[in-house]
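Novice: Input protein_12.cif, format and content: mmCIF, C-alpha atoms and all ligand atoms.
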data_target
loop_
_atom_site.label_atom_id
_atom_site.label_comp_id
_atom_site.auth_asym_id
_atom_site.auth_seq_id
_atom_site.Cartn_x
_atom_site.Cartn_y
_atom_site.Cartn_z
CA MET W 6 -8.16 107.80 33.70
CA ALA W 7 -7.20 105.88 30.59
CA GLY W 8 -5.72 103.06 32.65
CA ALA W 9 -2.79 102.04 30.46
CA VAL W 10 0.41 100.94 32.12
CA PHE W 11 3.07 103.12 30.53
CA HIS W 12 6.07 103.41 32.75
CA GLN W 13 7.68 101.87 35.77
CA GLY W 14 10.67 103.22 37.52
CA ILE W 15 12.16 105.03 40.41
CA GLY W 16 12.15 108.76 40.53
CA ARG W 17 11.14 111.80 42.42
CA LEU W 18 7.69 113.22 42.37
CA GLN W 19 7.67 116.70 41.00
CA SER W 20 4.82 117.51 43.31
CA TYR W 21 6.26 115.79 46.37
CA GLN W 22 5.75 118.82 48.53
CA HIS W 23 2.07 118.04 48.48
CA PHE W 24 2.69 114.64 50.11
CA HIS W 25 5.53 115.80 52.25
CA ASN W 26 3.29 118.27 54.00
CA SER W 27 0.62 115.69 54.49
CA GLY W 28 3.09 113.73 56.61
CA PHE W 29 2.38 110.16 55.47
CA HIS W 30 4.60 107.60 57.09
CA GLN W 31 4.02 104.39 55.24
CA GLU W 32 2.84 102.90 52.05
CA VAL W 33 -0.50 104.39 51.20
CA GLY W 34 -1.41 102.54 48.04
CA ASN W 35 -2.45 104.36 44.91
CA VAL W 36 -2.54 108.11 44.96
CA SER W 37 -3.72 110.42 42.23
CA VAL W 38 -1.19 113.07 41.36
CA LYS W 39 -2.00 116.22 39.46
CA SER W 40 0.48 118.66 38.03
CA ILE W 41 3.27 116.24 37.17
CA SER W 42 3.35 118.05 33.90
CA LYS W 43 0.96 120.26 31.96
CA GLY W 44 -2.32 118.83 33.06
CA PHE W 45 -1.47 115.13 32.83
CA HIS W 46 -3.04 113.10 35.58
CA VAL W 47 -1.20 110.06 36.85
CA ASP W 48 -2.09 107.34 39.31
CA ILE W 49 0.84 106.08 41.28
CA GLY W 50 1.56 103.58 43.99
CA TRP W 51 4.08 105.05 46.37
CA SER W 52 5.78 104.67 49.68
CA VAL W 53 8.03 106.91 51.69
CA SER W 54 11.40 105.70 52.89
CA ARG W 55 10.99 106.95 56.40
CA LYS W 56 12.01 103.81 58.22
CA ARG W 57 15.37 105.34 58.98
CA GLY W 58 13.89 108.25 60.84
CA TYR W 59 14.08 110.94 58.18
CA ARG W 60 11.29 113.38 57.61
CA SER W 61 11.91 112.37 54.05
CA CYS W 62 10.01 113.56 51.05
CA ARG W 63 11.81 111.14 48.78
CA THR W 64 9.50 108.53 47.40
CA SER W 65 9.85 105.31 45.57
CA PHE W 66 6.99 104.96 43.16
CA THR W 67 5.60 102.98 40.33
CA VAL W 68 3.44 104.69 37.81
CA VAL W 69 0.54 102.44 36.98
CA ARG W 70 -1.93 104.52 35.03
CA ALA W 71 -1.99 107.78 33.16
CA THR W 72 -4.32 109.82 31.02
CA ALA W 73 -1.72 110.16 28.29
CA SER W 74 0.78 107.74 26.85
CA GLN W 75 3.75 110.12 26.75
CA THR W 76 6.40 108.41 28.80
CA SER W 77 8.26 111.70 29.00
CA VAL W 78 5.71 112.96 31.47
CA VAL W 79 7.47 111.23 34.33
CA ASP W 80 10.82 110.42 32.76
CA PRO W 81 13.35 111.58 35.31
CA VAL W 82 16.11 113.84 34.07
CA SER W 83 19.16 111.78 33.17
CA THR W 84 22.73 112.50 34.10
CA PRO W 85 25.29 111.52 31.46
CA SER W 86 25.49 107.79 30.78
CA HIS W 87 22.73 107.35 33.29
CA ASP W 88 20.06 105.05 32.01
CA ARG W 89 17.00 105.45 34.20
CA THR W 90 14.92 103.41 31.82
CA ASN W 91 16.74 100.31 33.01
CA GLU W 92 13.90 98.83 35.01
CA HIS W 93 15.74 95.80 36.29
CA PRO W 94 19.24 96.88 37.28
CA LYS W 95 21.75 94.08 37.74
CA LYS W 96 21.44 93.24 41.40
CA SER W 97 24.66 91.24 41.21
CA SER W 98 26.79 94.20 40.13
CA GLU W 99 29.35 95.56 42.52
CA ALA W 100 30.78 99.04 42.86
CA ALA W 101 33.06 101.11 45.08
CA LEU W 102 31.81 104.27 46.75
CA ILE W 103 34.38 106.67 48.17
CA LEU W 104 33.33 109.53 50.43
CA ILE W 105 35.74 112.39 51.12
CA ARG W 106 35.15 115.39 53.31
CA HIS W 107 36.99 118.43 51.92
CA GLY W 108 40.36 119.42 53.36
CA GLU W 109 40.75 122.31 55.79
CA SER W 110 39.33 125.58 54.46
CA LEU W 111 40.45 129.12 55.27
CA TRP W 112 37.40 129.52 57.49
CA ASN W 113 37.96 126.16 59.25
CA GLU W 114 41.38 127.57 60.07
CA LYS W 115 39.85 130.81 61.40
CA ASN W 116 37.18 128.84 63.33
CA LEU W 117 34.29 130.58 61.49
CA PHE W 118 30.88 129.05 60.74
CA THR W 119 31.07 128.41 57.00
CA GLY W 120 27.94 126.61 55.75
CA CYS W 121 27.23 127.59 52.14
CA VAL W 122 29.83 130.38 51.96
CA ASP W 123 32.24 129.42 49.19
CA VAL W 124 35.68 129.46 50.84
CA PRO W 125 38.80 127.78 49.36
CA LEU W 126 41.24 125.36 51.00
CA THR W 127 44.26 126.34 53.06
CA LYS W 128 47.70 124.99 52.21
CA LYS W 129 47.09 122.32 54.86
CA GLY W 130 43.74 121.54 53.18
CA VAL W 131 45.52 121.12 49.84
CA GLU W 132 47.96 118.68 51.47
CA GLU W 133 45.12 116.76 53.11
CA ALA W 134 43.38 116.41 49.74
CA ILE W 135 46.57 115.08 48.16
CA GLU W 136 47.00 112.64 51.06
CA ALA W 137 43.40 111.47 50.60
CA GLY W 138 44.15 110.96 46.92
CA LYS W 139 47.10 108.72 47.76
CA ARG W 140 44.87 106.54 49.89
CA ILE W 141 42.45 105.91 47.05
CA SER W 142 44.96 105.85 44.21
CA ASN W 143 44.28 102.17 43.45
CA ILE W 144 40.50 102.27 43.70
CA PRO W 145 38.53 102.64 40.48
CA VAL W 146 36.66 105.92 39.98
CA ASP W 147 34.23 106.23 37.06
CA MET W 148 32.29 109.28 38.16
CA ILE W 149 32.80 112.04 40.69
CA TYR W 150 30.11 114.01 42.49
CA THR W 151 30.99 117.16 44.38
CA SER W 152 29.02 119.94 45.95
CA SER W 153 28.88 123.27 44.15
CA LEU W 154 31.41 124.71 46.60
CA ILE W 155 35.06 125.22 45.68
CA ARG W 156 36.51 123.50 48.77
CA ALA W 157 34.88 120.20 47.80
CA GLN W 158 35.80 120.64 44.15
CA MET W 159 39.43 121.46 44.97
CA THR W 160 39.56 118.37 47.18
CA ALA W 161 38.22 116.11 44.44
CA MET W 162 40.57 117.50 41.81
CA LEU W 163 43.65 117.43 44.04
CA ALA W 164 42.88 113.89 45.18
CA MET W 165 42.62 112.77 41.57
CA THR W 166 46.10 114.11 40.77
CA GLN W 167 47.34 111.13 42.83
CA HIS W 168 45.29 108.47 41.10
CA ARG W 169 47.35 105.87 39.28
CA ARG W 170 44.90 105.49 36.42
CA ARG W 171 45.59 109.09 35.32
CA LYS W 172 42.16 109.74 33.86
CA VAL W 173 41.26 113.41 33.59
CA PRO W 174 38.43 114.63 35.83
CA ILE W 175 36.24 117.01 33.82
CA ILE W 176 33.51 119.17 35.31
CA LEU W 177 30.26 118.88 33.36
CA HIS W 178 28.56 122.18 32.71
CA ASN W 179 24.88 121.51 32.31
CA GLU W 180 23.66 124.81 33.70
CA SER W 181 22.51 126.04 30.29
CA GLU W 182 22.19 124.79 26.75
CA GLN W 183 25.08 127.01 25.72
CA ALA W 184 27.32 125.82 28.56
CA ARG W 185 26.58 122.24 27.55
CA SER W 186 27.24 122.86 23.89
CA TRP W 187 30.41 124.92 24.42
CA SER W 188 32.00 122.24 26.61
CA GLN W 189 31.48 119.30 24.25
CA ILE W 190 34.28 116.81 23.60
CA PHE W 191 34.55 115.50 20.06
CA SER W 192 36.82 112.51 20.55
CA GLU W 193 35.48 109.21 21.88
CA ASP W 194 39.02 108.21 22.90
CA THR W 195 39.49 111.40 24.90
CA LYS W 196 36.10 110.88 26.52
CA LYS W 197 37.18 107.39 27.59
CA GLN W 198 40.20 108.88 29.30
CA SER W 199 38.12 111.29 31.33
CA ILE W 200 35.98 111.10 34.46
CA PRO W 201 32.77 113.14 34.52
CA VAL W 202 32.55 115.42 37.54
CA ILE W 203 29.00 116.37 38.48
CA THR W 204 28.49 119.31 40.80
CA ALA W 205 25.30 119.48 42.83
CA TRP W 206 24.14 122.07 45.36
CA GLN W 207 22.26 119.31 47.16
CA LEU W 208 25.64 118.03 48.42
CA ASN W 209 26.58 121.43 49.84
CA GLU W 210 27.34 121.96 53.50
CA ARG W 211 24.24 122.67 55.53
CA MET W 212 23.19 126.29 55.31
CA TYR W 213 24.24 127.79 58.61
CA GLY W 214 21.85 130.76 58.48
CA GLU W 215 22.79 133.78 60.51
CA LEU W 216 25.80 132.01 62.00
CA GLN W 217 27.68 132.08 58.67
CA GLY W 218 30.85 134.14 59.05
CA LEU W 219 30.65 134.28 62.88
CA ASN W 220 33.47 132.97 65.02
CA LYS W 221 32.50 129.68 66.72
CA GLN W 222 34.17 130.55 70.02
CA GLU W 223 32.77 134.11 70.14
CA THR W 224 29.30 132.77 69.34
CA ALA W 225 29.59 130.28 72.22
CA ASP W 226 30.69 133.09 74.55
CA ARG W 227 27.73 135.19 73.47
CA PHE W 228 24.89 132.65 73.33
CA GLY W 229 26.26 130.03 75.70
CA LYS W 230 28.10 126.79 74.98
CA GLU W 231 24.95 124.65 75.26
CA LYS W 232 22.95 126.74 72.78
CA VAL W 233 25.75 126.70 70.22
CA HIS W 234 26.27 122.97 70.72
CA GLU W 235 22.54 122.49 70.11
CA TRP W 236 22.74 124.49 66.85
CA ARG W 237 25.83 122.60 65.75
CA ARG W 238 25.06 119.06 66.79
CA SER W 239 21.36 118.47 67.33
CA TYR W 240 19.45 116.64 64.64
CA ASP W 241 16.38 118.73 64.15
CA ILE W 242 17.06 122.15 65.70
CA PRO W 243 18.17 124.62 63.01
CA PRO W 244 20.45 127.57 63.71
CA PRO W 245 18.68 130.94 63.20
CA ASN W 246 17.33 130.96 59.63
CA GLY W 247 19.51 128.02 58.67
CA GLU W 248 19.17 124.29 58.06
CA SER W 249 19.13 121.61 60.74
CA LEU W 250 21.00 118.39 60.01
CA GLU W 251 17.61 116.84 59.32
CA MET W 252 16.86 119.45 56.63
CA CYS W 253 20.31 118.99 55.12
CA ALA W 254 19.77 115.19 55.11
CA GLU W 255 16.47 115.58 53.25
CA ARG W 256 18.06 117.14 50.20
CA ALA W 257 21.43 115.33 50.36
CA VAL W 258 19.89 111.86 50.77
CA ALA W 259 17.22 112.54 48.14
CA TYR W 260 20.00 113.47 45.72
CA PHE W 261 21.99 110.38 46.67
CA GLU W 262 18.98 108.12 46.15
CA ASP W 263 17.86 109.78 42.93
CA GLU W 264 21.15 110.40 41.17
CA ILE W 265 24.01 108.45 42.72
CA GLU W 266 22.50 105.14 43.79
CA PRO W 267 21.28 104.26 40.27
CA GLN W 268 24.85 104.73 39.03
CA LEU W 269 26.18 102.40 41.72
CA LEU W 270 23.46 99.91 40.82
CA SER W 271 24.68 99.91 37.25
CA GLY W 272 28.23 99.12 38.44
CA LYS W 273 29.82 102.60 38.32
CA ASN W 274 32.52 103.32 40.89
CA ILE W 275 31.85 106.69 42.48
CA MET W 276 33.67 109.25 44.53
CA ILE W 277 31.76 111.94 46.44
CA ALA W 278 33.66 114.98 47.72
CA ALA W 279 31.44 116.97 50.04
CA HIS W 280 31.09 118.37 53.55
CA GLY W 281 30.81 117.43 57.20
CA ASN W 282 27.04 117.60 57.39
CA SER W 283 26.04 116.49 53.88
CA LEU W 284 28.30 113.44 54.29
CA ARG W 285 27.03 112.70 57.80
CA SER W 286 23.56 112.67 56.25
CA ILE W 287 24.63 110.22 53.56
CA ILE W 288 26.45 108.01 56.07
CA MET W 289 23.31 108.01 58.22
CA TYR W 290 21.47 106.60 55.22
CA LEU W 291 24.17 104.09 54.25
CA ASP W 292 24.81 102.78 57.77
CA LYS W 293 21.16 103.10 58.84
CA LEU W 294 22.10 105.26 61.80
CA THR W 295 19.42 106.70 64.03
CA SER W 296 19.13 110.46 64.54
CA GLN W 297 20.74 109.88 67.96
CA GLU W 298 23.70 108.02 66.48
CA VAL W 299 24.38 110.51 63.70
CA ILE W 300 24.80 113.49 66.00
CA SER W 301 27.91 111.98 67.56
CA LEU W 302 29.45 111.13 64.19
CA GLU W 303 32.42 113.41 63.46
CA LEU W 304 34.25 113.28 60.13
CA SER W 305 37.88 114.26 59.74
CA THR W 306 38.97 116.41 56.84
CA GLY W 307 40.73 114.54 54.07
CA ILE W 308 40.16 110.97 55.29
CA PRO W 309 38.39 109.00 52.57
CA MET W 310 35.87 106.33 53.51
CA LEU W 311 35.24 103.32 51.34
CA TYR W 312 31.97 101.47 50.89
CA ILE W 313 31.35 98.50 48.65
CA PHE W 314 27.93 98.39 47.07
CA LYS W 315 27.03 94.77 46.46
CA GLU W 316 23.76 92.93 46.01
CA GLY W 317 21.83 96.07 46.79
CA ARG W 318 23.65 96.63 50.12
CA PHE W 319 26.33 99.03 51.29
CA ILE W 320 29.20 97.43 53.16
CA ARG W 321 31.42 99.86 55.02
CA ARG W 322 35.10 99.21 54.45
CA GLY W 323 36.75 101.91 56.53
CA SER W 324 39.45 104.06 55.10
CA PRO W 325 42.07 102.77 52.71
CA VAL W 326 45.44 103.58 54.27
CA GLY W 327 47.94 104.25 51.52
CA PRO W 328 48.71 102.24 48.43
CA THR W 329 50.58 99.64 50.47
CA GLU W 330 47.57 98.62 52.54
CA ALA W 331 46.96 95.18 51.08
CA GLY W 332 43.79 94.56 53.08
CA VAL W 333 41.69 97.08 51.21
CA TYR W 334 42.32 95.40 47.91
CA ALA W 335 41.41 92.03 49.29
CA TYR W 336 37.93 93.31 50.14
CA THR W 337 36.62 92.22 46.80
CA ARG W 338 38.08 90.34 43.90
CA ARG W 339 37.07 93.17 41.58
CA LEU W 340 39.17 95.72 43.48
CA ALA W 341 42.14 93.34 43.63
CA GLN W 342 41.91 92.79 39.87
CA TYR W 343 41.73 96.50 39.21
CA ARG W 344 44.84 97.09 41.27
CA GLN W 345 46.67 94.32 39.45
CA LYS W 346 45.70 95.85 36.11
CA LEU W 347 47.14 99.17 37.24
CA ASP W 348 50.37 97.43 38.31
CA GLU W 349 50.68 95.82 34.88
CA MET W 350 49.87 99.05 33.04
CA LEU W 351 52.33 101.11 34.99
CA HIS W 352 55.34 98.77 35.14
O1 LIG W 401 31.19 125.72 59.73
C1 LIG W 401 30.67 124.78 59.10
O2 LIG W 401 30.14 124.93 57.98
C2 LIG W 401 30.65 123.37 59.69
C3 LIG W 401 31.73 122.51 59.13
O3 LIG W 401 33.00 123.06 59.20
O4 LIG W 401 30.79 123.48 61.06
P1 LIG W 401 30.27 122.39 62.12
O5 LIG W 401 31.50 121.76 62.69
O6 LIG W 401 29.55 123.21 63.13
O7 LIG W 401 29.38 121.41 61.45
#
Translate this structure into structure tokens?
Ligand SMILES: O=C(O)[C@@H](CO)OP(=O)(O)O
Specialist:
Amino acid sequence: MAGAVFHQGIGRLQSYQHFHNSGFHQEVGNVSVKSISKGFHVDIGWSVSRKRGYRSCRTSFTVVRATASQTSVVDPVSTPSHDRTNEHPKKSSEAALILIRHGESLWNEKNLFTGCVDVPLTKKGVEEAIEAGKRISNIPVDMIYTSSLIRAQMTAMLAMTQHRRRKVPIILHNESEQARSWSQIFSEDTKKQSIPVITAWQLNERMYGELQGLNKQETADRFGKEKVHEWRRSYDIPPPNGESLEMCAERAVAYFEDEIEPQLLSGKNIMIAAHGNSLRSIIMYLDKLTSQEVISLELSTGIPMLYIFKEGRFIRRGSPVGPTEAGVYAYTRRLAQYRQKLDEMLH
């Protein structure tokens, strides 16, 4: 080992599976990691955020030594305007975080297990999304994250049609070099009037395995109410060949910690449009719920939830009820000022 300090930061180990399987629970000091990239060897100090009861493979680590000086070896991939090299994020910054479960889908209406099947909203779902949009129409939104499924994307887009700031939500296409290059915007002014929308499979509904497409009532009749309740609402029992809530939480919370939290830390106001189980996972993380508490948490379609991220903590602020609900805007001075700015702009 050359022993030079070359990078500090938060990120995800590319070889985390190795540790995950070894089942460490706490800080274990320095660990030597191979295969981060083409033969570079790195010593890291790391700890696993398992205090909240996840079988998490997400790690917080500090690289202390490496055989090569290329910082790119462990530079995490950046999302747009996302500066991961900022080693000391402003702890004093404050940001709003809005969570929205998608509106009713055609398979919710038919009472079918949906999971990762990509089903659109019903007319009622469209109306719920618009209603959700009204409730958050005075709350700043700088970035939007949605799952890769159309029902969450429709919800985000429909909600934003109600926003008073009238910025244009634009889906970023980073799936290939060509997609990136063909969707470029060449005006800085136009960019300023838009909101980047990032789609991520990690925010998808939990994969429901061999239940996908089956009727929930018929499945209960066939396998018994208790069995189906266990598949639907236990924490760590997966449905046949599907994901348990715990498995869904692993990837949804890792994504939240890796990609979304750094944006909040830098003061960006964020909306996440996702699904019952991916959002329950994220709420479990934000509210530090136990695996027992999360299984009784039910989320309604189209009711946005507001959190304020301040001094490194998430403060739950319930659901903003319509643009006339004064209380929401008194939560923080920053939100009140934003609302006042909108009033001035629009009158
Ligand atoms: O079918 C699904 O994908 C989910 C959400 O609608 O169902 P459940 O209520 O069992 O989590």
Novice: Write out as a PyMOL selection string which residues come within 12 Å of Thr151 (chain W) when counting all atoms listed in the file, dropping same-chain ones fewer than 4 positions away.
Specialist: chain W and resi 103-107+155-162+174-177+201-210+257+260-261+265+275-280+283-284
Novice: Check the smallest atom-to-atom distance from each of W:Arg285, W:His168, W:Gly272, W:Thr295 to Ile135 (chain W) using all atoms listed in the file, then report the winner.
Specialist: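 Closest to Ile135 (chain W) of all the choices is W:His168.
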Novice: Between CA of Ser296 (chain W) and CA of Trp236 (chain W), what is the distance, to one decimal in Å?
Specialist: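 Separating CA of Ser296 (chain W) from CA of Trp236 (chain W) is a distance of 14.7 Å.
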Novice: Distance CA of Asp292 (chain W)-CA of Arg322 (chain W), one decimal place?
Specialist: 11.4 Å
Novice: As an MDAnalysis selection string, please: every protein or nucleic acid residue near ligand LIG 401 (chain W) (cut-off 8 Å, counting only C-alpha atoms and all ligand atoms).
Specialist: chainID W and resid 112:113 116:121 210:213 217 221 236:238 280:282
Novice: For each of W:Leu216, W:Glu99, W:Leu111, W:Ile287, take the minimum atom-to-atom distance to Asn246 (chain W), counting all atoms listed in the file, then give the residue where this is smallest.
Specialist: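 Nearest candidate to Asn246 (chain W) out of W:Leu216, W:Glu99, W:Leu111, W:Ile287: W:Leu216.
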Novice: Please return as a PDB file with C-alpha atoms, keeping the file's coordinate frame every residue within 8 Å of (51.6, 109.7, 44.0), taking into account only C-alpha atoms and the file's own coordinates.
Specialist:
ATOM      1  CA  LYS W 139      47.100 108.720  47.760  1.00  0.00           C
ATOM      2  CA  SER W 142      44.960 105.850  44.210  1.00  0.00           C
ATOM      3  CA  THR W 166      46.100 114.110  40.770  1.00  0.00           C
ATOM      4  CA  GLN W 167      47.340 111.130  42.830  1.00  0.00           C
ATOM      5  CA  HIS W 168      45.290 108.470  41.100  1.00  0.00           C
ATOM      6  CA  ARG W 169      47.350 105.870  39.280  1.00  0.00           C
TER       7      ARG W 169
END
Novice: Can you work out which one of W:Val258, W:Ala164, W:Val146, W:Ala134 has the shortest atom-to-atom distance to Ser110 (chain W), counting all atoms listed in the file?
Specialist: W:Ala134
Novice: Measuring between all atoms listed in the file, which one of W:Val124, W:Ala137, W:Leu347, W:Ile313 shows the shortest distance to Leu270 (chain W)?
Specialist: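 Ranking W:Val124, W:Ala137, W:Leu347, W:Ile313 by distance to Leu270 (chain W), first place goes to W:Ile313.
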Novice: Using only C-alpha atoms for the distances, tell me which of W:Val299, W:Leu351, W:Ile190, W:Ala184 is nearest to Leu250 (chain W).
Specialist: W:Val299
Novice: Please, what distance in Å, to one decimal, runs between CA of Tyr240 (chain W) and CA of Gln297 (chain W)?
Specialist: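 Atom-to-atom, CA of Tyr240 (chain W) to CA of Gln297 (chain W), that is 7.6 Å.
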Novice: Counting all atoms listed in the file, which residue out of W:Ser286, W:Leu291, W:Glu235, W:Arg170 sits closest to Arg256 (chain W)?
Specialist: W:Ser286
Novice: What lies within 12 Å of Ser239 (chain W) using only C-alpha atoms, ignoring chain neighbours under 4 positions off, as a list in words?
Specialist: Glu231, Lys232, Val233, His234, Glu235, Pro243, Pro244, Glu248, Ser249, Leu250, Glu251, Met252, Asn282, Ser296, Gln297, Glu298, Val299, Ile300, Ser301 and Leu302 of chain W
Novice: So that I have them on file, write out the residues from the current selection with C-alpha atoms, as a short mmCIF file (atom, residue, chain, number, x, y, z; two decimals), in the frame of the given file.
Specialist:
data_model
loop_
_atom_site.label_atom_id
_atom_site.label_comp_id
_atom_site.auth_asym_id
_atom_site.auth_seq_id
_atom_site.Cartn_x
_atom_site.Cartn_y
_atom_site.Cartn_z
CA GLU W 231 24.95 124.65 75.26
CA LYS W 232 22.95 126.74 72.78
CA VAL W 233 25.75 126.70 70.22
CA HIS W 234 26.27 122.97 70.72
CA GLU W 235 22.54 122.49 70.11
CA PRO W 243 18.17 124.62 63.01
CA PRO W 244 20.45 127.57 63.71
CA GLU W 248 19.17 124.29 58.06
CA SER W 249 19.13 121.61 60.74
CA LEU W 250 21.00 118.39 60.01
CA GLU W 251 17.61 116.84 59.32
CA MET W 252 16.86 119.45 56.63
CA ASN W 282 27.04 117.60 57.39
CA SER W 296 19.13 110.46 64.54
CA GLN W 297 20.74 109.88 67.96
CA GLU W 298 23.70 108.02 66.48
CA VAL W 299 24.38 110.51 63.70
CA ILE W 300 24.80 113.49 66.00
CA SER W 301 27.91 111.98 67.56
CA LEU W 302 29.45 111.13 64.19
#
